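Visitor: Sending over coords_24.pdb (PDB, C-alpha atoms).
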```pdb
ATOM      1  CA  MET M   1     162.923  56.957  21.847
ATOM      2  CA  THR M   2     163.593  54.208  24.343
ATOM      3  CA  THR M   3     161.932  51.544  26.474
ATOM      4  CA  LEU M   4     163.201  51.291  30.000
ATOM      5  CA  SER M   5     164.343  47.805  30.890
ATOM      6  CA  VAL M   6     163.633  46.244  34.278
ATOM      7  CA  LYS M   7     167.288  46.903  35.110
ATOM      8  CA  ASP M   8     166.944  50.566  34.123
ATOM      9  CA  LYS M   9     163.852  51.012  36.302
ATOM     10  CA  ASP M  10     165.430  49.259  39.288
ATOM     11  CA  THR M  11     168.616  51.297  38.892
ATOM     12  CA  VAL M  12     166.707  54.583  38.696
ATOM     13  CA  LYS M  13     164.512  53.735  41.691
ATOM     14  CA  ALA M  14     167.489  52.647  43.794
ATOM     15  CA  PHE M  15     169.520  55.755  42.904
ATOM     16  CA  TRP M  16     166.519  58.019  43.505
ATOM     17  CA  ALA M  17     166.040  56.495  46.943
ATOM     18  CA  LYS M  18     169.621  57.518  47.766
ATOM     19  CA  VAL M  19     169.474  61.055  46.398
ATOM     20  CA  SER M  20     165.871  62.215  46.820
ATOM     21  CA  GLY M  21     166.647  63.566  50.293
ATOM     22  CA  ASN M  22     168.725  66.209  48.479
ATOM     23  CA  ALA M  23     166.097  66.844  45.801
ATOM     24  CA  ASP M  24     165.720  70.544  46.596
ATOM     25  CA  GLU M  25     169.455  71.165  46.357
ATOM     26  CA  ILE M  26     169.779  69.099  43.185
ATOM     27  CA  GLY M  27     166.939  70.958  41.529
ATOM     28  CA  ALA M  28     168.170  74.402  42.527
ATOM     29  CA  ASP M  29     171.692  73.670  41.279
ATOM     30  CA  ALA M  30     170.461  72.104  38.014
ATOM     31  CA  VAL M  31     168.189  75.043  37.155
ATOM     32  CA  ALA M  32     170.842  77.598  38.157
ATOM     33  CA  ARG M  33     173.438  75.799  36.075
ATOM     34  CA  MET M  34     171.094  75.653  33.082
ATOM     35  CA  LEU M  35     170.548  79.434  33.182
ATOM     36  CA  VAL M  36     174.310  80.062  33.304
ATOM     37  CA  VAL M  37     175.564  77.421  30.863
ATOM     38  CA  TYR M  38     172.708  77.812  28.366
ATOM     39  CA  PRO M  39     171.735  81.494  28.584
ATOM     40  CA  GLN M  40     169.049  81.078  25.920
ATOM     41  CA  THR M  41     166.970  79.238  28.541
ATOM     42  CA  LYS M  42     166.616  82.505  30.446
ATOM     43  CA  THR M  43     164.085  83.565  27.824
ATOM     44  CA  TYR M  44     161.489  81.422  29.611
ATOM     45  CA  PHE M  45     161.991  83.273  32.869
ATOM     46  CA  SER M  46     161.881  86.888  31.807
ATOM     47  CA  HIS M  47     159.133  87.363  34.381
ATOM     48  CA  TRP M  48     161.654  86.782  37.175
ATOM     49  CA  LYS M  49     163.329  89.949  38.390
ATOM     50  CA  ASP M  50     166.253  87.989  39.770
ATOM     51  CA  GLN M  51     167.658  85.173  37.645
ATOM     52  CA  SER M  52     170.846  84.733  39.653
ATOM     53  CA  PRO M  53     171.735  81.206  40.831
ATOM     54  CA  ASN M  54     170.767  81.733  44.458
ATOM     55  CA  SER M  55     167.628  83.736  43.882
ATOM     56  CA  PRO M  56     164.451  82.495  45.589
ATOM     57  CA  ALA M  57     162.700  82.101  42.216
ATOM     58  CA  VAL M  58     165.433  79.841  40.843
ATOM     59  CA  ARG M  59     165.563  77.730  44.005
ATOM     60  CA  LYS M  60     161.793  77.421  44.087
ATOM     61  CA  HIS M  61     161.721  76.366  40.469
ATOM     62  CA  GLY M  62     164.364  73.746  41.147
ATOM     63  CA  VAL M  63     162.117  72.296  43.846
ATOM     64  CA  THR M  64     159.180  72.239  41.436
ATOM     65  CA  VAL M  65     161.180  70.438  38.743
ATOM     66  CA  MET M  66     162.472  67.793  41.153
ATOM     67  CA  LEU M  67     158.974  67.173  42.499
ATOM     68  CA  GLY M  68     158.031  66.408  38.904
ATOM     69  CA  ILE M  69     161.011  64.070  38.555
ATOM     70  CA  GLY M  70     160.031  62.316  41.769
ATOM     71  CA  GLU M  71     156.523  61.891  40.422
ATOM     72  CA  ALA M  72     157.978  60.418  37.257
ATOM     73  CA  VAL M  73     160.043  57.904  39.263
ATOM     74  CA  ALA M  74     156.882  56.830  41.086
ATOM     75  CA  LYS M  75     155.068  56.419  37.769
ATOM     76  CA  ILE M  76     158.009  54.901  35.933
ATOM     77  CA  ASP M  77     155.931  52.004  34.623
ATOM     78  CA  ASP M  78     153.669  54.280  32.596
ATOM     79  CA  LEU M  79     155.210  57.693  32.116
ATOM     80  CA  LYS M  80     152.904  58.682  29.266
ATOM     81  CA  ALA M  81     149.771  58.281  31.371
ATOM     82  CA  GLY M  82     151.417  59.365  34.598
ATOM     83  CA  LEU M  83     152.756  62.654  33.217
ATOM     84  CA  ALA M  84     149.749  63.487  31.005
ATOM     85  CA  SER M  85     148.697  66.587  32.927
ATOM     86  CA  LEU M  86     152.293  67.814  33.172
ATOM     87  CA  SER M  87     152.524  67.340  29.435
ATOM     88  CA  GLU M  88     149.445  69.479  28.909
ATOM     89  CA  LEU M  89     150.952  72.143  31.140
ATOM     90  CA  HIS M  90     154.213  72.220  29.160
ATOM     91  CA  ALA M  91     152.434  72.027  25.796
ATOM     92  CA  PHE M  92     149.649  74.535  26.155
ATOM     93  CA  THR M  93     150.639  76.880  28.942
ATOM     94  CA  LEU M  94     154.424  76.910  29.225
ATOM     95  CA  ARG M  95     155.176  75.993  25.600
ATOM     96  CA  VAL M  96     158.760  75.082  26.365
ATOM     97  CA  ASP M  97     160.623  73.977  23.242
ATOM     98  CA  PRO M  98     161.320  70.278  23.875
ATOM     99  CA  ALA M  99     164.996  70.769  22.975
ATOM    100  CA  ASN M 100     165.311  72.351  26.391
ATOM    101  CA  PHE M 101     164.341  69.116  28.166
ATOM    102  CA  LYS M 102     167.611  67.660  26.915
ATOM    103  CA  ILE M 103     169.489  70.668  28.212
ATOM    104  CA  LEU M 104     167.986  70.476  31.692
ATOM    105  CA  SER M 105     168.507  66.693  31.746
ATOM    106  CA  HIS M 106     172.206  67.213  31.045
ATOM    107  CA  CYS M 107     172.438  69.738  33.877
ATOM    108  CA  ILE M 108     170.705  67.311  36.254
ATOM    109  CA  LEU M 109     173.264  64.643  35.321
ATOM    110  CA  VAL M 110     176.164  67.050  35.928
ATOM    111  CA  VAL M 111     174.767  67.922  39.371
ATOM    112  CA  MET M 112     174.405  64.222  40.189
ATOM    113  CA  ALA M 113     178.077  63.782  39.252
ATOM    114  CA  THR M 114     179.199  66.662  41.476
ATOM    115  CA  MET M 115     177.097  65.576  44.453
ATOM    116  CA  PHE M 116     177.292  61.784  44.203
ATOM    117  CA  PRO M 117     180.577  61.002  42.387
ATOM    118  CA  ASN M 118     180.809  57.468  43.788
ATOM    119  CA  GLU M 119     177.185  56.460  43.290
ATOM    120  CA  PHE M 120     176.829  58.034  39.822
ATOM    121  CA  THR M 121     178.618  55.182  38.072
ATOM    122  CA  PRO M 122     178.470  54.677  34.284
ATOM    123  CA  GLU M 123     175.688  52.092  34.802
ATOM    124  CA  VAL M 124     173.616  54.517  36.858
ATOM    125  CA  HIS M 125     174.404  57.261  34.327
ATOM    126  CA  VAL M 126     173.061  55.305  31.351
ATOM    127  CA  SER M 127     169.846  54.282  33.133
ATOM    128  CA  LEU M 128     169.235  57.785  34.445
ATOM    129  CA  ASP M 129     169.956  59.297  31.020
ATOM    130  CA  LYS M 130     167.440  56.902  29.431
ATOM    131  CA  PHE M 131     164.907  57.701  32.163
ATOM    132  CA  LEU M 132     165.217  61.474  31.718
ATOM    133  CA  ALA M 133     164.887  61.021  27.942
ATOM    134  CA  SER M 134     161.697  59.021  28.541
ATOM    135  CA  VAL M 135     160.382  61.736  30.853
ATOM    136  CA  ALA M 136     161.130  64.330  28.163
ATOM    137  CA  LEU M 137     159.277  62.229  25.611
ATOM    138  CA  ALA M 138     156.262  61.858  27.911
ATOM    139  CA  LEU M 139     156.279  65.616  28.527
ATOM    140  CA  SER M 140     156.278  66.211  24.758
ATOM    141  CA  GLU M 141     153.276  63.932  24.175
ATOM    142  CA  LYS M 142     150.622  66.628  24.021
ATOM    143  CA  TYR M 143     152.606  69.141  21.984
ATOM    144  CA  ARG M 144     151.148  68.231  18.592
TER     145      ARG M 144
ATOM    146  CA  MET W   1     188.237  83.356  15.676
ATOM    147  CA  VAL W   2     186.986  82.349  19.102
ATOM    148  CA  GLU W   3     186.949  85.039  21.761
ATOM    149  CA  TRP W   4     187.948  83.852  25.199
ATOM    150  CA  THR W   5     187.419  85.919  28.327
ATOM    151  CA  ASP W   6     190.159  85.999  30.948
ATOM    152  CA  PHE W   7     187.930  83.904  33.174
ATOM    153  CA  GLU W   8     187.466  81.281  30.470
ATOM    154  CA  ARG W   9     191.186  81.044  29.740
ATOM    155  CA  ALA W  10     192.061  80.784  33.409
ATOM    156  CA  THR W  11     189.317  78.213  34.017
ATOM    157  CA  ILE W  12     190.466  75.918  31.212
ATOM    158  CA  GLN W  13     194.118  76.096  32.271
ATOM    159  CA  ASP W  14     193.135  75.566  35.884
ATOM    160  CA  ILE W  15     190.869  72.572  35.262
ATOM    161  CA  PHE W  16     193.314  70.766  32.979
ATOM    162  CA  SER W  17     196.310  71.443  35.223
ATOM    163  CA  LYS W  18     194.523  69.543  37.981
ATOM    164  CA  LEU W  19     193.524  66.552  35.860
ATOM    165  CA  GLU W  20     195.420  63.292  35.895
ATOM    166  CA  TYR W  21     195.156  62.449  32.214
ATOM    167  CA  GLU W  22     195.731  58.709  32.826
ATOM    168  CA  VAL W  23     192.777  58.656  35.226
ATOM    169  CA  VAL W  24     190.298  61.045  33.661
ATOM    170  CA  GLY W  25     190.837  59.962  30.051
ATOM    171  CA  PRO W  26     190.096  56.283  30.685
ATOM    172  CA  LYS W  27     187.084  57.161  32.850
ATOM    173  CA  ALA W  28     185.611  59.454  30.202
ATOM    174  CA  LEU W  29     186.052  57.003  27.336
ATOM    175  CA  ALA W  30     184.733  54.073  29.396
ATOM    176  CA  ARG W  31     181.683  56.098  30.409
ATOM    177  CA  CYS W  32     181.053  57.008  26.767
ATOM    178  CA  LEU W  33     181.210  53.349  25.700
ATOM    179  CA  VAL W  34     178.756  52.394  28.483
ATOM    180  CA  VAL W  35     176.309  55.285  28.218
ATOM    181  CA  TYR W  36     176.314  55.415  24.405
ATOM    182  CA  PRO W  37     177.011  51.808  23.434
ATOM    183  CA  TRP W  38     176.896  52.464  19.700
ATOM    184  CA  THR W  39     180.221  54.272  20.081
ATOM    185  CA  GLN W  40     181.729  50.828  20.563
ATOM    186  CA  ARG W  41     181.556  50.432  16.799
ATOM    187  CA  TYR W  42     184.907  52.160  16.507
ATOM    188  CA  PHE W  43     186.677  49.816  18.883
ATOM    189  CA  GLY W  44     186.031  46.393  17.373
ATOM    190  CA  ASN W  45     189.587  45.261  18.048
ATOM    191  CA  PHE W  46     189.614  46.313  21.698
ATOM    192  CA  GLY W  47     188.552  42.895  22.943
ATOM    193  CA  ASN W  48     186.063  42.513  25.780
ATOM    194  CA  LEU W  49     183.515  45.342  25.838
ATOM    195  CA  TYR W  50     180.592  43.115  26.831
ATOM    196  CA  ASN W  51     179.532  44.942  29.969
ATOM    197  CA  ALA W  52     180.354  47.997  32.043
ATOM    198  CA  ALA W  53     182.835  46.126  34.253
ATOM    199  CA  ALA W  54     184.677  44.758  31.227
ATOM    200  CA  ILE W  55     184.814  48.183  29.594
ATOM    201  CA  THR W  56     186.045  49.900  32.759
ATOM    202  CA  GLY W  57     188.748  47.268  33.223
ATOM    203  CA  ASN W  58     189.826  47.091  29.595
ATOM    204  CA  PRO W  59     193.485  48.178  29.222
ATOM    205  CA  MET W  60     193.062  49.225  25.571
ATOM    206  CA  VAL W  61     190.192  51.522  26.565
ATOM    207  CA  ALA W  62     192.371  52.989  29.302
ATOM    208  CA  LYS W  63     195.282  53.561  26.943
ATOM    209  CA  HIS W  64     193.083  55.187  24.342
ATOM    210  CA  GLY W  65     191.393  57.371  26.929
ATOM    211  CA  THR W  66     194.799  58.705  27.932
ATOM    212  CA  THR W  67     195.669  59.327  24.277
ATOM    213  CA  ILE W  68     192.493  61.360  23.855
ATOM    214  CA  LEU W  69     193.262  63.565  26.863
ATOM    215  CA  HIS W  70     196.759  64.237  25.568
ATOM    216  CA  GLY W  71     195.130  65.190  22.272
ATOM    217  CA  LEU W  72     192.917  67.663  24.159
ATOM    218  CA  ASP W  73     196.000  69.054  25.793
ATOM    219  CA  ARG W  74     197.061  70.419  22.403
ATOM    220  CA  ALA W  75     193.968  72.596  22.342
ATOM    221  CA  VAL W  76     194.533  73.669  25.953
ATOM    222  CA  LYS W  77     197.983  74.904  24.944
ATOM    223  CA  ASN W  78     196.741  76.583  21.738
ATOM    224  CA  MET W  79     193.430  78.085  22.711
ATOM    225  CA  ASP W  80     193.734  80.874  20.174
ATOM    226  CA  ASP W  81     194.147  78.544  17.233
ATOM    227  CA  ILE W  82     192.351  75.305  18.002
ATOM    228  CA  LYS W  83     191.008  75.185  14.470
ATOM    229  CA  ASN W  84     194.426  74.839  12.854
ATOM    230  CA  THR W  85     195.891  72.831  15.725
ATOM    231  CA  TYR W  86     193.390  70.098  14.908
ATOM    232  CA  THR W  87     193.575  70.093  11.113
ATOM    233  CA  GLU W  88     195.539  66.851  10.941
ATOM    234  CA  LEU W  89     193.534  65.176  13.689
ATOM    235  CA  SER W  90     190.349  66.123  11.876
ATOM    236  CA  VAL W  91     191.609  64.572   8.658
ATOM    237  CA  LEU W  92     192.632  61.471  10.609
ATOM    238  CA  HIS W  93     189.209  61.050  12.228
ATOM    239  CA  SER W  94     187.477  61.575   8.900
ATOM    240  CA  GLU W  95     189.635  59.782   6.380
ATOM    241  CA  LYS W  96     191.225  56.996   8.372
ATOM    242  CA  LEU W  97     189.053  56.375  11.428
ATOM    243  CA  HIS W  98     185.697  57.240   9.792
ATOM    244  CA  VAL W  99     184.218  58.506  13.056
ATOM    245  CA  ASP W 100     180.783  60.116  12.845
ATOM    246  CA  PRO W 101     181.468  63.621  14.222
ATOM    247  CA  ASP W 102     178.276  63.460  16.320
ATOM    248  CA  ASN W 103     180.217  61.087  18.547
ATOM    249  CA  PHE W 104     182.634  63.839  19.550
ATOM    250  CA  LYS W 105     179.836  65.602  21.400
ATOM    251  CA  LEU W 106     178.921  62.404  23.245
ATOM    252  CA  LEU W 107     182.493  61.976  24.477
ATOM    253  CA  ALA W 108     182.639  65.661  25.401
ATOM    254  CA  ASP W 109     179.520  65.275  27.558
ATOM    255  CA  CYS W 110     181.027  62.251  29.300
ATOM    256  CA  LEU W 111     184.248  64.163  29.962
ATOM    257  CA  THR W 112     182.209  66.987  31.477
ATOM    258  CA  ILE W 113     180.506  64.505  33.813
ATOM    259  CA  VAL W 114     183.835  62.926  34.850
ATOM    260  CA  VAL W 115     185.380  66.336  35.557
ATOM    261  CA  ALA W 116     182.236  67.333  37.488
ATOM    262  CA  ALA W 117     182.515  64.172  39.587
ATOM    263  CA  GLN W 118     186.155  64.919  40.323
ATOM    264  CA  MET W 119     185.703  68.593  41.193
ATOM    265  CA  GLY W 120     182.405  68.335  43.051
ATOM    266  CA  LYS W 121     180.968  71.633  44.186
ATOM    267  CA  ALA W 122     184.051  73.459  42.847
ATOM    268  CA  PHE W 123     182.685  72.815  39.358
ATOM    269  CA  THR W 124     180.390  75.847  39.347
ATOM    270  CA  GLY W 125     177.930  76.769  36.603
ATOM    271  CA  GLU W 126     180.374  79.375  35.300
ATOM    272  CA  MET W 127     183.187  76.833  35.121
ATOM    273  CA  GLN W 128     180.881  74.357  33.415
ATOM    274  CA  ALA W 129     179.995  77.012  30.837
ATOM    275  CA  ALA W 130     183.673  77.695  30.098
ATOM    276  CA  PHE W 131     184.524  73.994  29.963
ATOM    277  CA  GLN W 132     181.634  73.186  27.641
ATOM    278  CA  LYS W 133     182.489  76.166  25.398
ATOM    279  CA  PHE W 134     186.063  74.889  25.138
ATOM    280  CA  LEU W 135     184.892  71.372  24.278
ATOM    281  CA  ALA W 136     182.406  72.762  21.729
ATOM    282  CA  VAL W 137     185.265  74.533  19.925
ATOM    283  CA  VAL W 138     187.306  71.312  20.002
ATOM    284  CA  VAL W 139     184.374  69.318  18.634
ATOM    285  CA  THR W 140     183.756  71.813  15.825
ATOM    286  CA  SER W 141     187.455  71.858  14.907
ATOM    287  CA  LEU W 142     187.621  68.081  14.800
ATOM    288  CA  GLY W 143     184.686  68.021  12.404
ATOM    289  CA  ARG W 144     186.014  70.722  10.162
ATOM    290  CA  GLN W 145     187.936  68.622   7.613
ATOM    291  CA  TYR W 146     185.112  66.204   6.982
ATOM    292  CA  HIS W 147     183.709  66.264   3.457
TER     293      HIS W 147
END
```
Would you write out, as structure tokens, the structure that this file holds?

Guide:
Amino acid sequence: MTTLSVKDKDTVKAFWAKVSGNADEIGADAVARMLVVYPQTKTYFSHWKDQSPNSPAVRKHGVTVMLGIGEAVAKIDDLKAGLASLSELHAFTLRVDPANFKILSHCILVVMATMFPNEFTPEVHVSLDKFLASVALALSEKYR
Amino acid sequence: MVEWTDFERATIQDIFSKLEYEVVGPKALARCLVVYPWTQRYFGNFGNLYNAAAITGNPMVAKHGTTILHGLDRAVKNMDDIKNTYTELSVLHSEKLHVDPDNFKLLADCLTIVVAAQMGKAFTGEMQAAFQKFLAVVVTSLGRQYH
């Protein structure tokens, strides 16, 4: 969908440097929010007994997702190659409908707004939105 | 007809009662024009929209952002009949302004982000769900008279 400009990459890396210390909290909130705001996403987690926002499974999954995002930031110059194994995981094992990447991306952006209202300027927003869309595209690579 | 729970009604009234329309409206519209630059197509006579700083400082953007929030206020005050409340506005956006209705969702997402930034942790998942449901009804109603 989109090529990340040098400015986009620098903006994402700079913002990530500021927020990555809170990665666990961001991830937990984003996943919890997704399950509440978009209940259809709960269908992927029917194996969890407790799907409530503060449950250990939700928090743990938030950590996992943000570790993936952090990996993507580190490999921002070649997301397709860098996220190849994660793409295989999502394509063949998890089989998450790619429409859900957009949903989770939106929730991540909302959490960034709540936690970093001053840093999450419109310029940061557009670069981060483009970055998350690129990550979603890279994750969809192996689907078909 | 849309069913609203007591929580959803209370949440929408509560959120909007705490918003300064002249602050939030301009911020939401400016963010939309920056994050989704193709939306600028509808504002050719707004002058300088060349970069984020110009957009954020543009007085016409600010004025229009406020207008939009006051338009939303109509739905806040008529939650049980948003569809009919917006009939004229829908015709306006279709026949006169020729706005692609997909753009309404983009602005709605930006408004959600601005409200989230303002409310911080108070903007819980449940409140986000209610807010987004409200905006989804608004967006659908605004698109209803298109043909």

Visitor: Please report the interatomic distance between CA of Gly47 (chain W) and CA of Cys110 (chain W) in Å with one decimal.

Guide: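 Straight-line distance from CA of Gly47 (chain W) to CA of Cys110 (chain W) works out to 21.7 Å.
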
Visitor: As a VMD selection string, could you give me every residue of chain M near chain W (at most 7 Å apart, counting only C-alpha atoms)?

Guide: chain M and resid 33 36 to 37 110 113 to 115 117 122 to 123 125 to 126

Visitor: Which residues come within 12 Å of Ser5 (chain M), counting all atoms listed in the file, excluding same-chain residues fewer than 6 positions away, as number ranges by chain?

Guide: M: 11-12, 76-77, 126-128, 130-131, 134

Visitor: For this structure, which residues satisfy the selection - the PyMOL selection byres ((chain M and resi 23-31) around 6) - when it is evaluated on the file as given? I want them as JSON, numbers by chain.

Guide: {"M": [20, 21, 22, 32, 33, 34, 59, 62, 63, 66, 107, 108]}

Visitor: Convert the current residue selection to file output with C-alpha atoms, as a compact mmCIF listing (two decimals), in the coordinates of the input.

Guide:
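The resulting file, again-v4.txt, is reproduced below:
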```
# COMPACT_ATOMS: atom_id res chain seq x y z
CA SER M 20 165.87 62.22 46.82
CA GLY M 21 166.65 63.57 50.29
CA ASN M 22 168.72 66.21 48.48
CA ALA M 32 170.84 77.60 38.16
CA ARG M 33 173.44 75.80 36.08
CA MET M 34 171.09 75.65 33.08
CA ARG M 59 165.56 77.73 44.00
CA GLY M 62 164.36 73.75 41.15
CA VAL M 63 162.12 72.30 43.85
CA MET M 66 162.47 67.79 41.15
CA CYS M 107 172.44 69.74 33.88
CA ILE M 108 170.70 67.31 36.25
```

Visitor: Quote the spacing between CA of Thr43 (chain M) and CA of Lys80 (chain M) in Å to one decimal place.

Guide: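 Result for CA of Thr43 (chain M) versus CA of Lys80 (chain M): 27.3 Å, one decimal.
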
Visitor: Emit region 45-138 of chain M of the structure in the block as a file comprising C-alpha atoms, as a PDB file, in the first residue's frame.

Guide:
```pdb
ATOM      1  CA  PHE M  45      -9.215 -16.253  21.582  1.00  0.00           C
ATOM      2  CA  SER M  46     -11.916 -18.744  22.424  1.00  0.00           C
ATOM      3  CA  HIS M  47      -9.196 -20.878  23.990  1.00  0.00           C
ATOM      4  CA  TRP M  48      -8.751 -18.285  26.743  1.00  0.00           C
ATOM      5  CA  LYS M  49     -10.950 -18.884  29.762  1.00  0.00           C
ATOM      6  CA  ASP M  50     -10.688 -15.257  30.795  1.00  0.00           C
ATOM      7  CA  GLN M  51     -10.977 -12.618  28.079  1.00  0.00           C
ATOM      8  CA  SER M  52     -11.434  -9.687  30.442  1.00  0.00           C
ATOM      9  CA  PRO M  53      -9.170  -6.644  29.964  1.00  0.00           C
ATOM     10  CA  ASN M  54      -6.923  -7.337  32.938  1.00  0.00           C
ATOM     11  CA  SER M  55      -6.642 -11.072  32.529  1.00  0.00           C
ATOM     12  CA  PRO M  56      -3.123 -12.537  32.424  1.00  0.00           C
ATOM     13  CA  ALA M  57      -3.744 -13.983  28.942  1.00  0.00           C
ATOM     14  CA  VAL M  58      -4.716 -10.601  27.500  1.00  0.00           C
ATOM     15  CA  ARG M  59      -1.769  -8.828  29.127  1.00  0.00           C
ATOM     16  CA  LYS M  60       0.632 -11.510  27.961  1.00  0.00           C
ATOM     17  CA  HIS M  61      -0.694 -11.277  24.440  1.00  0.00           C
ATOM     18  CA  GLY M  62      -0.261  -7.519  24.492  1.00  0.00           C
ATOM     19  CA  VAL M  63       3.398  -8.035  25.373  1.00  0.00           C
ATOM     20  CA  THR M  64       3.790 -10.501  22.509  1.00  0.00           C
ATOM     21  CA  VAL M  65       2.233  -8.111  19.987  1.00  0.00           C
ATOM     22  CA  MET M  66       4.417  -5.189  21.069  1.00  0.00           C
ATOM     23  CA  LEU M  67       7.547  -7.332  20.875  1.00  0.00           C
ATOM     24  CA  GLY M  68       6.561  -7.947  17.263  1.00  0.00           C
ATOM     25  CA  ILE M  69       6.062  -4.219  16.699  1.00  0.00           C
ATOM     26  CA  GLY M  70       9.460  -3.517  18.224  1.00  0.00           C
ATOM     27  CA  GLU M  71      10.989  -6.075  15.895  1.00  0.00           C
ATOM     28  CA  ALA M  72       9.288  -4.360  12.986  1.00  0.00           C
ATOM     29  CA  VAL M  73      10.724  -0.972  14.020  1.00  0.00           C
ATOM     30  CA  ALA M  74      14.198  -2.518  14.097  1.00  0.00           C
ATOM     31  CA  LYS M  75      13.654  -3.996  10.635  1.00  0.00           C
ATOM     32  CA  ILE M  76      11.860  -0.974   9.229  1.00  0.00           C
ATOM     33  CA  ASP M  77      14.075  -0.864   6.146  1.00  0.00           C
ATOM     34  CA  ASP M  78      12.884  -4.254   4.922  1.00  0.00           C
ATOM     35  CA  LEU M  79       9.677  -5.291   6.622  1.00  0.00           C
ATOM     36  CA  LYS M  80       8.831  -7.984   4.082  1.00  0.00           C
ATOM     37  CA  ALA M  81      12.040  -9.907   4.726  1.00  0.00           C
ATOM     38  CA  GLY M  82      12.226  -8.994   8.391  1.00  0.00           C
ATOM     39  CA  LEU M  83       8.710 -10.202   9.228  1.00  0.00           C
ATOM     40  CA  ALA M  84       8.715 -13.266   6.939  1.00  0.00           C
ATOM     41  CA  SER M  85       8.517 -15.836   9.725  1.00  0.00           C
ATOM     42  CA  LEU M  86       5.844 -13.836  11.556  1.00  0.00           C
ATOM     43  CA  SER M  87       3.929 -13.752   8.305  1.00  0.00           C
ATOM     44  CA  GLU M  88       4.121 -17.522   8.021  1.00  0.00           C
ATOM     45  CA  LEU M  89       2.884 -17.824  11.587  1.00  0.00           C
ATOM     46  CA  HIS M  90      -0.134 -15.584  10.927  1.00  0.00           C
ATOM     47  CA  ALA M  91      -0.856 -17.178   7.543  1.00  0.00           C
ATOM     48  CA  PHE M  92      -0.565 -20.865   8.252  1.00  0.00           C
ATOM     49  CA  THR M  93      -1.005 -21.302  11.975  1.00  0.00           C
ATOM     50  CA  LEU M  94      -3.045 -18.393  13.313  1.00  0.00           C
ATOM     51  CA  ARG M  95      -4.930 -17.617  10.090  1.00  0.00           C
ATOM     52  CA  VAL M  96      -6.021 -14.214  11.313  1.00  0.00           C
ATOM     53  CA  ASP M  97      -8.155 -12.416   8.733  1.00  0.00           C
ATOM     54  CA  PRO M  98      -5.978  -9.468   7.665  1.00  0.00           C
ATOM     55  CA  ALA M  99      -8.887  -7.060   8.217  1.00  0.00           C
ATOM     56  CA  ASN M 100      -8.131  -7.463  11.897  1.00  0.00           C
ATOM     57  CA  PHE M 101      -4.642  -5.965  11.517  1.00  0.00           C
ATOM     58  CA  LYS M 102      -6.339  -2.669  10.719  1.00  0.00           C
ATOM     59  CA  ILE M 103      -8.514  -3.004  13.788  1.00  0.00           C
ATOM     60  CA  LEU M 104      -5.607  -3.667  16.138  1.00  0.00           C
ATOM     61  CA  SER M 105      -3.599  -0.862  14.501  1.00  0.00           C
ATOM     62  CA  HIS M 106      -6.428   1.567  15.238  1.00  0.00           C
ATOM     63  CA  CYS M 107      -6.516   0.440  18.867  1.00  0.00           C
ATOM     64  CA  ILE M 108      -2.742   0.904  19.158  1.00  0.00           C
ATOM     65  CA  LEU M 109      -3.123   4.458  17.831  1.00  0.00           C
ATOM     66  CA  VAL M 110      -5.906   5.215  20.332  1.00  0.00           C
ATOM     67  CA  VAL M 111      -3.722   3.955  23.197  1.00  0.00           C
ATOM     68  CA  MET M 112      -0.832   6.112  21.978  1.00  0.00           C
ATOM     69  CA  ALA M 113      -3.199   9.104  22.047  1.00  0.00           C
ATOM     70  CA  THR M 114      -4.348   8.369  25.602  1.00  0.00           C
ATOM     71  CA  MET M 115      -0.837   7.763  26.931  1.00  0.00           C
ATOM     72  CA  PHE M 116       1.196  10.292  24.944  1.00  0.00           C
ATOM     73  CA  PRO M 117      -1.228  13.112  24.010  1.00  0.00           C
ATOM     74  CA  ASN M 118       1.542  15.680  23.523  1.00  0.00           C
ATOM     75  CA  GLU M 119       3.959  13.492  21.580  1.00  0.00           C
ATOM     76  CA  PHE M 120       1.297  11.856  19.375  1.00  0.00           C
ATOM     77  CA  THR M 121       1.017  14.852  17.063  1.00  0.00           C
ATOM     78  CA  PRO M 122      -0.690  14.659  13.646  1.00  0.00           C
ATOM     79  CA  GLU M 123       2.754  14.224  12.022  1.00  0.00           C
ATOM     80  CA  VAL M 124       3.624  11.315  14.298  1.00  0.00           C
ATOM     81  CA  HIS M 125       0.117   9.911  13.763  1.00  0.00           C
ATOM     82  CA  VAL M 126       0.421   9.811   9.970  1.00  0.00           C
ATOM     83  CA  SER M 127       3.873   8.186  10.022  1.00  0.00           C
ATOM     84  CA  LEU M 128       2.841   5.633  12.626  1.00  0.00           C
ATOM     85  CA  ASP M 129      -0.380   4.865  10.736  1.00  0.00           C
ATOM     86  CA  LYS M 130       1.631   4.291   7.539  1.00  0.00           C
ATOM     87  CA  PHE M 131       4.119   2.133   9.455  1.00  0.00           C
ATOM     88  CA  LEU M 132       1.421  -0.071  11.003  1.00  0.00           C
ATOM     89  CA  ALA M 133      -0.205  -0.434   7.570  1.00  0.00           C
ATOM     90  CA  SER M 134       3.166  -1.544   6.178  1.00  0.00           C
ATOM     91  CA  VAL M 135       3.567  -4.030   9.025  1.00  0.00           C
ATOM     92  CA  ALA M 136       0.086  -5.387   8.273  1.00  0.00           C
ATOM     93  CA  LEU M 137       1.006  -5.741   4.614  1.00  0.00           C
ATOM     94  CA  ALA M 138       4.236  -7.571   5.467  1.00  0.00           C
TER      95      ALA M 138
END
```
